[in-house]
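Peer 1: Pasting a structure here, questions to come.
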Amino acid sequence: PRAATMGEAQASLAVLSKVELRVSCKHLLDRDTLNKSDPCVLLLMQSQGQWMEVDRSEVIRSNLNPVFAKIFTVDYYFEEVQKLRFEVYDSHGHAGVGAHDDDFLGGMECTVGQIVAQKRVTKPLFLKYGKFAGKSTITVISEEISGNNGYVELAFRAKKLDDKDLFSKSDPFLEIYRIDDDRSEQLVYRTEVVKNNLSPVWEPFKVSLNSLCSCEEKRRLRCVVWDYDSRGKHDFIGEFFTTFEEMQKAMGENKVQWDCMNPKYKIKKRNYKNSGVVVLLDLKIHRVYSFLDYIMGGCQIHFTVSGARGGRGAGGARALTARPQVAIDFTASNGDPRNSCSLHYINPYQPNEYLKALVAVGEICQDYDRQKFSALGFGARIPPKYEVSHDFAINFNPDNDECEGECSWGRSWSRQQGPGVRLTRPRSAGIQGVVESYQSCLPKIQLYGPTNVAPIISKVARVAADEERTREASQYFILLILTDGVVTDMADTREAIVRASYLPMSIIIVGVGNADFTDMQILDGDDGVLRSPKGEPVLRDIVQFVPFREFKNASPTALAKCVLAEVPKQVVEYYSYKAFPPRCPQPDTPDSSLGSPQ
């Protein structure tokens, strides 16, 4: 995601659906001397005039007509022109795909809308300068992800498969195809190759119910077993047909097996029985809960203070609690607070940008909880020794960083505020406590530096890690960072975010002032996927960056809506990854078509 603007705040809530894209190619150029090309597809999306990588497929060895198992998932916005570019490369394996020494086999541009409208798009591939890549074509098939919220985990093995190799045993792999209403087949999954083994055990894998059977239990599936060939000429071992309804017999300790049949052998050989047996060892159906499932299932989403435990929901279970932590930038780049040009200047009649941003988000938070907030500062010299700290409590109480305050402040400040500010209702004791601690803190500290954000992220992450160990969907942490945008520990910050992406927390960054926010946009995953300095990608996108200047003349609600819009999705992504259900989930309805969730 890129940095959000006020106009995009509304658009971010207007996703009509998610769309799955399946890609195949034909007649690719052969760039290799001894073997055929090893193709891989990169999917790019245009963002603010720049092409950004979204995802990439697997590499298929020695194949000029590849059908990729990778399914690309994109958000579909009806009201936007979403430009896509598919680039096909002959991968050489020793470097990342798309490196200068990989051979470019061609590219194709289209829009998400074109693919959705036509459902199946086939176009020629072009080389640089608009030159045709021979007879190469690329086909993209789209499918809207239905509302069914589940996926299935499957574990297969085979026994006594036919031996197709002369000097060794077969190297089998399994492919599963869904047969659509028009009798066409869509590749659902391709397993890994198990070398030199006639009774392979393939790794368990997960697929969405939508991809597997279009959420229809009786839809036919074709499963094919091949003997892998490094030159791409795989030998057919056998096939069988089944349905998801039949597969479900393998739930629990039961097993389901099928004869793997070669139709040619069945005709030619009088005593032919099969070419082996394929066994479904285990099947698990998982439900992917929505944000509303967590709320309507008896859990409460409310904002509370750092260090406090969640309340109790229906039936005595601990409620799911979203807990905001506020971190304020006190580095010297903000300017001397005594100077009216400083971002930290305290004007009794006009709140500075830090206070405006803090109150705007706090006004939404107080609707969920009216307790005290936790507030931290970084980048300042603090008493008594005036040493630089990057994670101090702004109330100067290291044992309890909750900020005390009176609820009447909002009303009194509203009477004194300048004409450009609209604070329409009393502030809660929580947000008021942060404001009073902030104002009290400024005269006692020395703005210094550097702007190290990683220590703050790591501190909140340690608390989130303690919560993770409870293995309950009870508390989710939200770190709000207010900064002027000049980050000095970018490498450590990227590392901290990657680590935090595995924990129950999200990070919201509000850029204050008119500084260059390029670094913050990088943290927001502007290049597609944020990675640590060692190249490890984030597990999930947890950072949302917003420049406050885009909201100066807007209502506080507009800013809050923008920065909090991604939180529901991030909460669901985390608990889905951890397989933590809501504390008090609603029972499945009688018409649920795909069994009970695990």
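Chain identifiers are assigned as A, B, and so on, following the order in which chains appear in the structure tokens; residues are numbered from 1 within each chain, and ligands are numbered from 1 in order of appearance.
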Set the distance at 9 Å and use only C-alpha atoms: which residues neighbour Leu355 (chain A) once local chain neighbours fewer than 6 positions away are removed? I'd like the list as JSON, numbers by chain.
Peer 2: {"A": [344, 435, 438]}
Peer 1: Leaving out Lys70 (chain A) and any residue of its chain fewer than 4 positions from it, which residues lie within 8 Å of it when counting only C-alpha atoms, given as a PyMOL selection string?
Peer 2: chain A and resi 22-23+56-58
Peer 1: Within 12 Å of Glu353 (chain A), counting only C-alpha atoms, which residues show up once you throw out same-chain ones fewer than 5 positions away? Write them as a list of chain:residue names, please.
Peer 2: A:Ile328, A:Asn334, A:Cys341, A:Ser342, A:Leu343, A:His344, A:Tyr345, A:Ile346, A:Asn347, A:Leu358, A:Val359, A:Ala360, A:Val421, A:Leu482, A:Thr483, A:Asp484, A:Val510, A:Gly511, A:Val512, A:Gly513, A:Asn514, A:Pro547, A:Phe548, A:Arg549, A:Glu550, A:Phe551, A:Lys552, A:Asn553, A:Pro556
Peer 1: In terms of the shortest atom-to-atom distance over only C-alpha atoms, which of A:Val277, A:Val434, A:Ala327, A:Leu283 is closest to Gly252 (chain A)?
Peer 2: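 Checking each candidate against Gly252 (chain A), we get A:Leu283 as the closest.
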Peer 1: Which residue, A:Ala133, A:Ile394, A:Leu530, A:Cys215, has the smallest gap to Ser440 (chain A) when you use only C-alpha atoms?
Peer 2: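 With only C-alpha atoms as the atom set, the closest residue is A:Ile394.
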